[in-house]
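Pasted below: upload18.pdb, PDB, C-alpha atoms.
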ATOM      1  CA  MET M   1       5.792  -2.725 -24.891
ATOM      2  CA  LEU M   2       6.326  -4.714 -21.752
ATOM      3  CA  THR M   3       5.212  -8.320 -21.556
ATOM      4  CA  ALA M   4       2.891  -9.396 -18.747
ATOM      5  CA  SER M   5       5.710 -11.052 -16.819
ATOM      6  CA  GLN M   6       7.939  -7.980 -17.205
ATOM      7  CA  ARG M   7       5.111  -5.868 -15.821
ATOM      8  CA  LEU M   8       4.778  -8.237 -12.884
ATOM      9  CA  GLN M   9       8.513  -8.058 -12.280
ATOM     10  CA  ALA M  10       8.393  -4.281 -12.349
ATOM     11  CA  PHE M  11       5.634  -4.459  -9.747
ATOM     12  CA  ALA M  12       7.890  -6.634  -7.583
ATOM     13  CA  ASN M  13      10.461  -3.830  -7.318
ATOM     14  CA  PRO M  14       9.590  -1.623  -4.301
ATOM     15  CA  THR M  15      10.273   1.698  -6.080
ATOM     16  CA  ARG M  16       8.258   0.723  -9.129
ATOM     17  CA  PHE M  17       5.582  -0.697  -6.854
ATOM     18  CA  MET M  18       5.227   2.640  -5.076
ATOM     19  CA  ALA M  19       4.892   4.505  -8.385
ATOM     20  CA  LEU M  20       2.358   2.080  -9.891
ATOM     21  CA  SER M  21       0.275   1.519  -6.765
ATOM     22  CA  GLY M  22       0.148   5.264  -6.107
ATOM     23  CA  ARG M  23      -1.616   5.732  -9.427
ATOM     24  CA  LEU M  24      -3.998   2.796  -8.832
ATOM     25  CA  VAL M  25      -5.377   3.561  -5.351
ATOM     26  CA  ALA M  26      -7.644   6.550  -6.141
ATOM     27  CA  PRO M  27      -9.426   5.172  -9.259
ATOM     28  CA  LEU M  28      -9.794   1.724  -7.653
ATOM     29  CA  GLY M  29     -11.192   3.382  -4.533
ATOM     30  CA  VAL M  30     -13.830   5.246  -6.545
ATOM     31  CA  LEU M  31     -14.780   2.044  -8.396
ATOM     32  CA  THR M  32     -15.093   0.211  -5.074
ATOM     33  CA  ALA M  33     -17.401   2.884  -3.653
ATOM     34  CA  VAL M  34     -19.646   2.749  -6.747
ATOM     35  CA  VAL M  35     -19.895  -1.067  -6.749
ATOM     36  CA  MET M  36     -20.531  -1.162  -2.987
ATOM     37  CA  ALA M  37     -23.277   1.467  -3.272
ATOM     38  CA  ALA M  38     -24.956  -0.504  -6.069
ATOM     39  CA  GLY M  39     -24.596  -3.716  -4.064
ATOM     40  CA  LEU M  40     -26.184  -2.162  -0.970
ATOM     41  CA  TYR M  41     -29.046  -0.820  -3.080
ATOM     42  CA  PHE M  42     -29.723  -4.297  -4.505
ATOM     43  CA  ALA M  43     -29.316  -5.930  -1.092
ATOM     44  CA  LEU M  44     -31.606  -3.617   0.894
ATOM     45  CA  PHE M  45     -34.095  -2.213  -1.626
ATOM     46  CA  ALA M  46     -34.173  -4.044  -4.955
ATOM     47  CA  SER M  47     -34.357  -7.660  -3.816
ATOM     48  CA  PRO M  48     -37.282  -9.616  -2.343
ATOM     49  CA  PRO M  49     -37.470 -11.263   1.092
ATOM     50  CA  ASP M  50     -36.971 -15.038   1.017
ATOM     51  CA  TYR M  51     -40.148 -17.156   1.087
ATOM     52  CA  GLN M  52     -38.817 -19.154   4.037
ATOM     53  CA  GLN M  53     -36.270 -16.906   5.708
ATOM     54  CA  GLY M  54     -38.083 -13.609   5.243
ATOM     55  CA  GLU M  55     -35.938 -10.484   5.590
ATOM     56  CA  THR M  56     -33.093 -12.321   7.341
ATOM     57  CA  VAL M  57     -31.933 -13.375   3.868
ATOM     58  CA  ARG M  58     -30.427  -9.878   3.615
ATOM     59  CA  ILE M  59     -27.812 -10.949   6.156
ATOM     60  CA  MET M  60     -26.562 -13.367   3.483
ATOM     61  CA  TYR M  61     -25.413 -10.443   1.306
ATOM     62  CA  ILE M  62     -22.894  -9.492   4.016
ATOM     63  CA  HIS M  63     -22.189 -12.926   5.468
ATOM     64  CA  VAL M  64     -21.426 -14.873   2.298
ATOM     65  CA  PRO M  65     -19.083 -12.314   0.633
ATOM     66  CA  SER M  66     -17.240 -11.927   3.973
ATOM     67  CA  ALA M  67     -16.812 -15.683   4.232
ATOM     68  CA  TRP M  68     -15.608 -15.947   0.598
ATOM     69  CA  LEU M  69     -13.141 -13.135   1.168
ATOM     70  CA  SER M  70     -11.856 -14.735   4.382
ATOM     71  CA  LEU M  71     -10.732 -17.688   2.242
ATOM     72  CA  PHE M  72      -9.650 -15.650  -0.786
ATOM     73  CA  VAL M  73      -7.476 -13.317   1.322
ATOM     74  CA  TYR M  74      -5.867 -16.301   3.017
ATOM     75  CA  SER M  75      -5.128 -17.813  -0.402
ATOM     76  CA  VAL M  76      -3.507 -14.547  -1.508
ATOM     77  CA  MET M  77      -1.470 -14.619   1.706
ATOM     78  CA  ALA M  78      -0.393 -18.223   1.154
ATOM     79  CA  VAL M  79       0.645 -17.640  -2.489
ATOM     80  CA  SER M  80       2.571 -14.463  -1.534
ATOM     81  CA  SER M  81       4.232 -16.353   1.302
ATOM     82  CA  GLY M  82       5.279 -19.104  -1.098
ATOM     83  CA  VAL M  83       6.735 -16.550  -3.528
ATOM     84  CA  ALA M  84       8.480 -14.726  -0.645
ATOM     85  CA  LEU M  85       9.967 -17.989   0.570
ATOM     86  CA  VAL M  86      11.144 -19.326  -2.806
ATOM     87  CA  PHE M  87      12.006 -16.213  -4.826
ATOM     88  CA  ARG M  88      12.768 -13.829  -1.935
ATOM     89  CA  HIS M  89      10.688 -11.079  -3.499
ATOM     90  CA  PRO M  90      10.420  -8.334  -0.852
ATOM     91  CA  ILE M  91       7.055  -7.179  -2.244
ATOM     92  CA  ALA M  92       5.583 -10.686  -1.905
ATOM     93  CA  ASP M  93       6.513 -10.636   1.782
ATOM     94  CA  VAL M  94       5.020  -7.144   2.149
ATOM     95  CA  CYS M  95       1.838  -8.394   0.428
ATOM     96  CA  ALA M  96       1.408 -11.341   2.808
ATOM     97  CA  LYS M  97       1.915  -9.133   5.866
ATOM     98  CA  ALA M  98      -0.455  -6.424   4.578
ATOM     99  CA  ALA M  99      -3.209  -8.922   3.686
ATOM    100  CA  ALA M 100      -3.470 -10.623   7.093
ATOM    101  CA  PRO M 101      -5.390  -7.962   9.086
ATOM    102  CA  ILE M 102      -7.877  -7.496   6.215
ATOM    103  CA  GLY M 103      -8.443 -11.253   6.117
ATOM    104  CA  ALA M 104      -8.927 -11.336   9.880
ATOM    105  CA  ALA M 105     -11.487  -8.514   9.582
ATOM    106  CA  PHE M 106     -13.499 -10.420   6.927
ATOM    107  CA  THR M 107     -13.346 -13.637   8.996
ATOM    108  CA  PHE M 108     -14.587 -11.773  12.079
ATOM    109  CA  LEU M 109     -17.420 -10.282  10.026
ATOM    110  CA  ALA M 110     -18.362 -13.719   8.623
ATOM    111  CA  LEU M 111     -18.436 -15.233  12.123
ATOM    112  CA  VAL M 112     -20.527 -12.490  13.725
ATOM    113  CA  THR M 113     -23.015 -12.085  10.860
ATOM    114  CA  GLY M 114     -23.315 -15.880  10.763
ATOM    115  CA  SER M 115     -24.220 -15.799  14.419
ATOM    116  CA  LEU M 116     -26.763 -13.018  13.828
ATOM    117  CA  TRP M 117     -28.297 -15.137  11.066
ATOM    118  CA  GLY M 118     -28.101 -18.410  13.027
ATOM    119  CA  GLU M 119     -30.088 -17.203  16.017
ATOM    120  CA  PRO M 120     -33.336 -16.398  14.127
ATOM    121  CA  MET M 121     -33.029 -19.209  11.521
ATOM    122  CA  TRP M 122     -31.390 -22.118  13.370
ATOM    123  CA  GLY M 123     -32.412 -21.075  16.870
ATOM    124  CA  THR M 124     -28.819 -20.812  18.061
ATOM    125  CA  TRP M 125     -26.011 -18.247  17.936
ATOM    126  CA  TRP M 126     -23.343 -20.914  17.670
ATOM    127  CA  VAL M 127     -22.826 -24.644  17.185
ATOM    128  CA  TRP M 128     -19.515 -26.506  17.154
ATOM    129  CA  ASP M 129     -20.138 -27.975  13.717
ATOM    130  CA  ALA M 130     -17.280 -28.493  11.274
ATOM    131  CA  ARG M 131     -17.906 -25.346   9.198
ATOM    132  CA  LEU M 132     -18.210 -22.905  12.099
ATOM    133  CA  THR M 133     -15.332 -24.455  14.023
ATOM    134  CA  SER M 134     -12.943 -24.502  11.048
ATOM    135  CA  VAL M 135     -13.721 -20.827  10.281
ATOM    136  CA  LEU M 136     -13.075 -19.943  13.935
ATOM    137  CA  ILE M 137      -9.703 -21.719  13.587
ATOM    138  CA  LEU M 138      -9.020 -19.643  10.452
ATOM    139  CA  PHE M 139      -9.640 -16.511  12.513
ATOM    140  CA  PHE M 140      -7.132 -17.704  15.133
ATOM    141  CA  ILE M 141      -4.563 -18.522  12.420
ATOM    142  CA  TYR M 142      -4.870 -14.946  11.126
ATOM    143  CA  LEU M 143      -4.389 -13.608  14.677
ATOM    144  CA  GLY M 144      -1.436 -15.947  15.262
ATOM    145  CA  TYR M 145       0.169 -14.790  12.015
ATOM    146  CA  MET M 146      -0.288 -11.137  12.973
ATOM    147  CA  ALA M 147       1.102 -11.801  16.462
ATOM    148  CA  LEU M 148       4.167 -13.519  14.970
ATOM    149  CA  ARG M 149       4.731 -10.539  12.660
ATOM    150  CA  ALA M 150       4.360  -8.164  15.592
ATOM    151  CA  THR M 151       6.957  -9.960  17.710
ATOM    152  CA  ILE M 152       9.783  -9.822  15.117
ATOM    153  CA  ASP M 153      11.097  -6.311  14.483
ATOM    154  CA  ASP M 154      13.384  -7.132  11.569
ATOM    155  CA  PRO M 155      11.176  -7.741   8.505
ATOM    156  CA  HIS M 156      13.865  -9.895   6.848
ATOM    157  CA  ALA M 157      14.068 -12.142   9.893
ATOM    158  CA  ALA M 158      10.257 -12.410   9.984
ATOM    159  CA  THR M 159       9.821 -13.460   6.330
ATOM    160  CA  ARG M 160      10.669 -17.130   6.721
ATOM    161  CA  PRO M 161       8.789 -18.038   9.942
ATOM    162  CA  ALA M 162       5.745 -15.990   8.888
ATOM    163  CA  ALA M 163       5.683 -17.620   5.437
ATOM    164  CA  VAL M 164       5.967 -21.105   6.942
ATOM    165  CA  LEU M 165       3.104 -20.356   9.350
ATOM    166  CA  ALA M 166       0.927 -19.017   6.516
ATOM    167  CA  LEU M 167       1.634 -22.068   4.331
ATOM    168  CA  VAL M 168       1.010 -24.581   7.127
ATOM    169  CA  GLY M 169      -2.242 -22.775   7.982
ATOM    170  CA  PHE M 170      -3.353 -23.088   4.357
ATOM    171  CA  VAL M 171      -4.402 -26.733   4.951
ATOM    172  CA  ASN M 172      -7.385 -25.247   6.784
ATOM    173  CA  VAL M 173      -8.702 -23.547   3.615
ATOM    174  CA  PRO M 174      -9.819 -26.689   1.735
ATOM    175  CA  ILE M 175     -11.039 -28.117   5.053
ATOM    176  CA  ILE M 176     -13.345 -25.101   5.443
ATOM    177  CA  HIS M 177     -14.516 -25.341   1.845
ATOM    178  CA  TYR M 178     -15.334 -29.068   1.974
ATOM    179  CA  SER M 179     -16.408 -29.184   5.647
ATOM    180  CA  VAL M 180     -20.075 -28.999   4.669
ATOM    181  CA  ASN M 181     -19.671 -32.073   2.440
ATOM    182  CA  TRP M 182     -17.298 -34.131   4.577
ATOM    183  CA  TRP M 183     -19.161 -33.772   7.847
ATOM    184  CA  ASN M 184     -22.742 -33.511   8.983
ATOM    185  CA  THR M 185     -23.022 -29.783   9.588
ATOM    186  CA  LEU M 186     -25.870 -27.556  10.639
ATOM    187  CA  HIS M 187     -24.387 -25.111   8.131
ATOM    188  CA  GLN M 188     -25.840 -25.611   4.662
ATOM    189  CA  PRO M 189     -23.699 -26.843   1.735
ATOM    190  CA  ALA M 190     -22.560 -24.563  -1.116
ATOM    191  CA  SER M 191     -25.387 -23.052  -3.132
ATOM    192  CA  VAL M 192     -23.560 -20.718  -5.537
ATOM    193  CA  PHE M 193     -20.301 -22.388  -6.658
ATOM    194  CA  ARG M 194     -21.703 -25.837  -7.463
ATOM    195  CA  MET M 195     -20.978 -28.237 -10.302
ATOM    196  CA  ASP M 196     -24.644 -28.058 -11.368
ATOM    197  CA  GLY M 197     -24.866 -24.267 -11.173
ATOM    198  CA  PRO M 198     -26.185 -21.976  -8.460
ATOM    199  CA  THR M 199     -29.401 -22.874  -6.629
ATOM    200  CA  VAL M 200     -29.981 -19.290  -5.480
ATOM    201  CA  ALA M 201     -32.717 -17.264  -7.251
ATOM    202  CA  SER M 202     -31.280 -14.667  -9.643
ATOM    203  CA  SER M 203     -33.041 -11.834  -7.762
ATOM    204  CA  MET M 204     -30.785 -12.762  -4.838
ATOM    205  CA  LEU M 205     -27.708 -13.617  -6.904
ATOM    206  CA  VAL M 206     -27.497 -10.030  -8.182
ATOM    207  CA  PRO M 207     -27.022  -8.366  -4.750
ATOM    208  CA  LEU M 208     -24.848 -11.260  -3.601
ATOM    209  CA  MET M 209     -22.442 -11.113  -6.531
ATOM    210  CA  THR M 210     -22.371  -7.293  -6.666
ATOM    211  CA  LEU M 211     -21.385  -7.087  -3.000
ATOM    212  CA  ALA M 212     -18.905  -9.937  -3.464
ATOM    213  CA  ILE M 213     -17.210  -7.915  -6.227
ATOM    214  CA  GLY M 214     -17.381  -4.812  -4.006
ATOM    215  CA  PHE M 215     -15.763  -6.657  -1.083
ATOM    216  CA  THR M 216     -13.048  -8.013  -3.388
ATOM    217  CA  LEU M 217     -12.295  -4.531  -4.756
ATOM    218  CA  PHE M 218     -12.237  -3.182  -1.187
ATOM    219  CA  PHE M 219      -9.698  -5.854  -0.297
ATOM    220  CA  PHE M 220      -7.402  -4.918  -3.182
ATOM    221  CA  VAL M 221      -7.570  -1.171  -2.495
ATOM    222  CA  MET M 222      -6.821  -1.683   1.196
ATOM    223  CA  LEU M 223      -4.107  -4.192   0.322
ATOM    224  CA  LEU M 224      -2.386  -1.574  -1.854
ATOM    225  CA  VAL M 225      -2.695   1.109   0.852
ATOM    226  CA  ARG M 226      -1.314  -1.237   3.525
ATOM    227  CA  MET M 227       1.486  -2.458   1.241
ATOM    228  CA  ARG M 228       2.491   1.151   0.562
ATOM    229  CA  ALA M 229       2.622   1.819   4.304
ATOM    230  CA  GLU M 230       4.703  -1.322   4.842
ATOM    231  CA  VAL M 231       7.200  -0.436   2.072
ATOM    232  CA  LEU M 232       7.621   3.017   3.654
ATOM    233  CA  ARG M 233       7.956   1.487   7.144
ATOM    234  CA  ARG M 234      10.820  -0.666   5.874
ATOM    235  CA  ARG M 235      12.397   2.349   4.213
ATOM    236  CA  VAL M 236      12.172   4.304   7.483
ATOM    237  CA  ARG M 237      13.762   1.402   9.316
ATOM    238  CA  ALA M 238      16.630   1.136   6.803
ATOM    239  CA  MET M 239      17.256   4.905   6.887
ATOM    240  CA  SER M 240      17.232   4.974  10.696
ATOM    241  CA  LEU M 241      19.668   2.067  10.873
ATOM    242  CA  ARG M 242      21.996   3.773   8.382
ATOM    243  CA  ARG M 243      21.883   6.956  10.440
ATOM    244  CA  ALA M 244      22.658   5.023  13.612
ATOM    245  CA  GLU M 245      25.621   3.342  11.924
ATOM    246  CA  GLY M 246      27.038   6.400  10.172
TER     247      GLY M 246
ATOM    248  CA  MET H   1     -40.288   3.633   5.648
ATOM    249  CA  ALA H   2     -41.052   2.263   9.141
ATOM    250  CA  GLU H   3     -41.738  -1.074   7.494
ATOM    251  CA  PHE H   4     -38.299  -0.968   5.889
ATOM    252  CA  PHE H   5     -36.598  -0.490   9.251
ATOM    253  CA  TYR H   6     -38.818  -3.147  10.813
ATOM    254  CA  MET H   7     -37.348  -5.791   8.442
ATOM    255  CA  GLY H   8     -40.299  -8.132   8.910
ATOM    256  CA  GLY H   9     -39.564  -8.358  12.624
ATOM    257  CA  TYR H  10     -35.894  -9.238  12.100
ATOM    258  CA  ALA H  11     -34.523  -5.723  12.545
ATOM    259  CA  ALA H  12     -32.486  -6.825  15.586
ATOM    260  CA  PHE H  13     -30.543  -9.251  13.368
ATOM    261  CA  VAL H  14     -30.403  -7.538   9.963
ATOM    262  CA  TRP H  15     -29.328  -4.038  11.047
ATOM    263  CA  PRO H  16     -26.538  -5.104  13.419
ATOM    264  CA  SER H  17     -25.120  -7.167  10.513
ATOM    265  CA  TYR H  18     -25.001  -4.139   8.216
ATOM    266  CA  GLY H  19     -23.873  -1.838  11.037
ATOM    267  CA  LEU H  20     -21.020  -4.103  12.005
ATOM    268  CA  ALA H  21     -19.959  -4.463   8.373
ATOM    269  CA  ALA H  22     -19.859  -0.663   8.094
ATOM    270  CA  LEU H  23     -17.813  -0.406  11.292
ATOM    271  CA  VAL H  24     -15.343  -3.075  10.167
ATOM    272  CA  PHE H  25     -14.890  -1.433   6.739
ATOM    273  CA  ILE H  26     -14.431   2.031   8.247
ATOM    274  CA  GLY H  27     -12.054   0.607  10.850
ATOM    275  CA  VAL H  28      -9.855  -1.039   8.206
ATOM    276  CA  ILE H  29      -9.817   2.157   6.097
ATOM    277  CA  TRP H  30      -9.036   4.376   9.087
ATOM    278  CA  GLN H  31      -6.239   2.183  10.431
ATOM    279  CA  SER H  32      -4.641   1.660   7.001
ATOM    280  CA  VAL H  33      -4.779   5.302   5.913
ATOM    281  CA  THR H  34      -3.529   6.613   9.288
ATOM    282  CA  ASP H  35      -0.591   4.213   9.177
ATOM    283  CA  LEU H  36       0.261   5.190   5.582
ATOM    284  CA  ARG H  37       0.212   8.903   6.492
ATOM    285  CA  ALA H  38       2.389   8.303   9.564
ATOM    286  CA  GLN H  39       4.984   6.389   7.508
ATOM    287  CA  LYS H  40       4.988   9.110   4.839
ATOM    288  CA  ARG H  41       5.673  11.754   7.509
ATOM    289  CA  LEU H  42       8.560   9.684   8.925
ATOM    290  CA  VAL H  43      10.139   9.220   5.480
ATOM    291  CA  ASP H  44       9.838  12.965   4.781
ATOM    292  CA  LYS H  45      11.388  13.830   8.145
ATOM    293  CA  LEU H  46      14.335  11.484   7.652
ATOM    294  CA  GLU H  47      14.896  12.651   4.073
ATOM    295  CA  THR H  48      14.935  16.378   4.954
ATOM    296  CA  ARG H  49      17.275  15.659   7.864
ATOM    297  CA  ARG H  50      19.619  13.787   5.528
ATOM    298  CA  ARG H  51      19.539  16.666   3.030
ATOM    299  CA  ASP H  52      20.276  19.171   5.804
ATOM    300  CA  ARG H  53      23.227  17.146   7.009
ATOM    301  CA  LYS H  54      24.798  16.483   3.632
ATOM    302  CA  PRO H  55      26.411  19.905   2.932
ATOM    303  CA  GLU H  56      28.306  19.850   6.259
ATOM    304  CA  GLY H  57      29.445  16.264   5.838
ATOM    305  CA  GLY H  58      30.550  16.841   2.256
ATOM    306  CA  ALA H  59      32.538  19.977   3.003
TER     307      ALA H  59
END

Translate this structure into structure tokens?
Amino acid sequence: MLTASQRLQAFANPTRFMALSGRLVAPLGVLTAVVMAAGLYFALFASPPDYQQGETVRIMYIHVPSAWLSLFVYSVMAVSSGVALVFRHPIADVCAKAAAPIGAAFTFLALVTGSLWGEPMWGTWWVWDARLTSVLILFFIYLGYMALRATIDDPHAATRPAAVLALVGFVNVPIIHYSVNWWNTLHQPASVFRMDGPTVASSMLVPLMTLAIGFTLFFFVMLLVRMRAEVLRRRVRAMSLRRAEG
Amino acid sequence: MAEFFYMGGYAAFVWPSYGLAALVFIGVIWQSVTDLRAQKRLVDKLETRRRDRKPEGGA
């Protein structure tokens, strides 16, 4: 039997990673589809309209999980970048690179659905309050990270500057989280992850949490697919270089 | 059914949210899977070429 850390080390080896991830993608994909379908059913059919916000509350079931994932994906990216920087694990570097576009996609979705919710409920598509502005900055950090990756051909040369950028950008994550407490924002404060428990009715917590789990599963499946592509891309590059030399 | 699509008058805000989410998810899947397939093809091509070359080089 392998210990947990031995398993993790095996996962850090590109060949073992390809074997293990190859077996994980299909079943995880099916699980994701099932959870997402259940989440959508709860969100659109089996939950009531809000007594104040009416049917617009259904936007929350997309907006809030997207916003959570925008922060979660960045945290995954920052931890992977730290591991890539300190331990030089090639798979950690691959993980950080593969996560970035998914994180950018969730951030984009959080921004646009927030806007679509803001117009009918706040009377404005956008305000420059601390929460909205710091999430917009997060989106730009993701794009900057992807641009940096795109400009450096050699993945080994890109590891260090990309990891430093990801780690510096991480200061924005707690700023986003606490922005609603530190500043006077039009955006409401946290109503699920609170010290005194959630203030959202359970009929609305069910669709919210189901879709949040669905979004998280989607992230991991896509992360694995993108990491597999990146490992192969690096293999192609190494083989081509060897051919050019020999 | 019509009432469902009407979304209490907020259809113009609720449905674009769900539609965009669907587009973003499909976009991420499409781009990731296409890239993975392309890389697999490249690896296969390089590996068969290397196998084809080996007998000559070794002889």

Please write the residues picked by the ChimeraX specification (/M :<9) & /H on this file as a VMD selection string.
chain H and resid 4 7 to 18 20 to 21 24 to 25 28 to 29 32 to 33 35 to 40 42 to 43 46 to 47 50

Would you put the residues from that selection into a file with C-alpha atoms, as a short mmCIF file (atom, residue, chain, number, x, y, z; two decimals), in the coordinates of the input?
data_model
loop_
_atom_site.label_atom_id
_atom_site.label_comp_id
_atom_site.auth_asym_id
_atom_site.auth_seq_id
_atom_site.Cartn_x
_atom_site.Cartn_y
_atom_site.Cartn_z
CA PHE H 4 -38.30 -0.97 5.89
CA MET H 7 -37.35 -5.79 8.44
CA GLY H 8 -40.30 -8.13 8.91
CA GLY H 9 -39.56 -8.36 12.62
CA TYR H 10 -35.89 -9.24 12.10
CA ALA H 11 -34.52 -5.72 12.54
CA ALA H 12 -32.49 -6.82 15.59
CA PHE H 13 -30.54 -9.25 13.37
CA VAL H 14 -30.40 -7.54 9.96
CA TRP H 15 -29.33 -4.04 11.05
CA PRO H 16 -26.54 -5.10 13.42
CA SER H 17 -25.12 -7.17 10.51
CA TYR H 18 -25.00 -4.14 8.22
CA LEU H 20 -21.02 -4.10 12.00
CA ALA H 21 -19.96 -4.46 8.37
CA VAL H 24 -15.34 -3.08 10.17
CA PHE H 25 -14.89 -1.43 6.74
CA VAL H 28 -9.86 -1.04 8.21
CA ILE H 29 -9.82 2.16 6.10
CA SER H 32 -4.64 1.66 7.00
CA VAL H 33 -4.78 5.30 5.91
CA ASP H 35 -0.59 4.21 9.18
CA LEU H 36 0.26 5.19 5.58
CA ARG H 37 0.21 8.90 6.49
CA ALA H 38 2.39 8.30 9.56
CA GLN H 39 4.98 6.39 7.51
CA LYS H 40 4.99 9.11 4.84
CA LEU H 42 8.56 9.68 8.93
CA VAL H 43 10.14 9.22 5.48
CA LEU H 46 14.34 11.48 7.65
CA GLU H 47 14.90 12.65 4.07
CA ARG H 50 19.62 13.79 5.53
#

Show me, as a ChimeraX atom specification, the residues that have an atom within 12 Å of Val206 (chain M) when counting only C-alpha atoms, minus same-chain residues fewer than 4 positions from it.
/M:35,38-44,46-48,61,192,200-202,210-213

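Take the PyMOL selection byres ((chain M and resi 174) around 12) and apply it to this file: it picks Leu71, Phe72, Tyr74, Ser75, Arg131, Ser134, Val135, Leu138, Gly169, Phe170, Val171, Asn172, Val173, Ile175, Ile176, His177, Tyr178, Ser179, Val180, Asn181 and Trp182 of chain M.
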
Minimum-distance residue to Ala92 (chain M), chosen among M:Tyr51, M:Ala147, M:Ile141, M:Ser80 (using all atoms listed in the file)
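Answer, going by the shortest atom-to-atom distance: M:Ser80.
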
Specify as a VMD selection string each residue included when the PyMOL selection byres ((chain M and resi 159) around 9) is applied to this file.
chain M and resid 81 84 to 85 88 90 93 to 94 149 154 to 158 160 to 164

Specify the axis-aligned box that encloses all atoms of region 208-213 of chain M listed in the file after padding of 6 Å on each side, stating its centre and edge lengths in Å to one decimal as AutoDock Vina command-line options.
--center_x -21.0 --center_y -9.2 --center_z -4.8 --size_x 19.6 --size_y 16.2 --size_z 15.7

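The space between CA of Phe140 (chain M) and CA of Gly103 (chain M) spans 11.2 Å.
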
With the input short on atoms, add N, CA and C atoms back to region 26-42 of chain H and write it as a short mmCIF file (atom, residue, chain, number, x, y, z; two decimals), keeping the file's coordinate frame.
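rebuild-v2.cif was written with the following content:
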data_model
loop_
_atom_site.label_atom_id
_atom_site.label_comp_id
_atom_site.auth_asym_id
_atom_site.auth_seq_id
_atom_site.Cartn_x
_atom_site.Cartn_y
_atom_site.Cartn_z
N ILE H 26 -14.97 0.72 7.87
CA ILE H 26 -14.43 2.03 8.25
C ILE H 26 -13.17 1.85 9.11
N GLY H 27 -13.22 0.88 10.00
CA GLY H 27 -12.05 0.61 10.85
C GLY H 27 -10.82 0.26 10.04
N VAL H 28 -10.99 -0.64 9.04
CA VAL H 28 -9.86 -1.04 8.21
C VAL H 28 -9.33 0.17 7.42
N ILE H 29 -10.25 0.97 6.86
CA ILE H 29 -9.82 2.16 6.10
C ILE H 29 -9.05 3.11 7.02
N TRP H 30 -9.64 3.41 8.17
CA TRP H 30 -9.04 4.38 9.09
C TRP H 30 -7.64 3.93 9.51
N GLN H 31 -7.53 2.67 9.94
CA GLN H 31 -6.24 2.18 10.43
C GLN H 31 -5.20 2.19 9.30
N SER H 32 -5.59 1.75 8.11
CA SER H 32 -4.64 1.66 7.00
C SER H 32 -4.18 3.04 6.55
N VAL H 33 -5.12 3.97 6.41
CA VAL H 33 -4.78 5.30 5.91
C VAL H 33 -3.94 6.07 6.94
N THR H 34 -4.30 5.94 8.24
CA THR H 34 -3.53 6.61 9.29
C THR H 34 -2.08 6.11 9.30
N ASP H 35 -1.92 4.80 9.18
CA ASP H 35 -0.59 4.21 9.18
C ASP H 35 0.21 4.71 7.97
N LEU H 36 -0.44 4.73 6.79
CA LEU H 36 0.26 5.19 5.58
C LEU H 36 0.72 6.64 5.75
N ARG H 37 -0.15 7.49 6.29
CA ARG H 37 0.21 8.90 6.49
C ARG H 37 1.38 9.03 7.47
N ALA H 38 1.33 8.24 8.55
CA ALA H 38 2.39 8.30 9.56
C ALA H 38 3.73 7.90 8.95
N GLN H 39 3.73 6.84 8.13
CA GLN H 39 4.98 6.39 7.51
C GLN H 39 5.50 7.42 6.52
N LYS H 40 4.58 8.07 5.79
CA LYS H 40 4.99 9.11 4.84
C LYS H 40 5.68 10.25 5.58
N ARG H 41 5.08 10.67 6.71
CA ARG H 41 5.67 11.75 7.51
C ARG H 41 7.07 11.38 7.97
N LEU H 42 7.25 10.13 8.44
CA LEU H 42 8.56 9.68 8.93
C LEU H 42 9.60 9.70 7.81
#
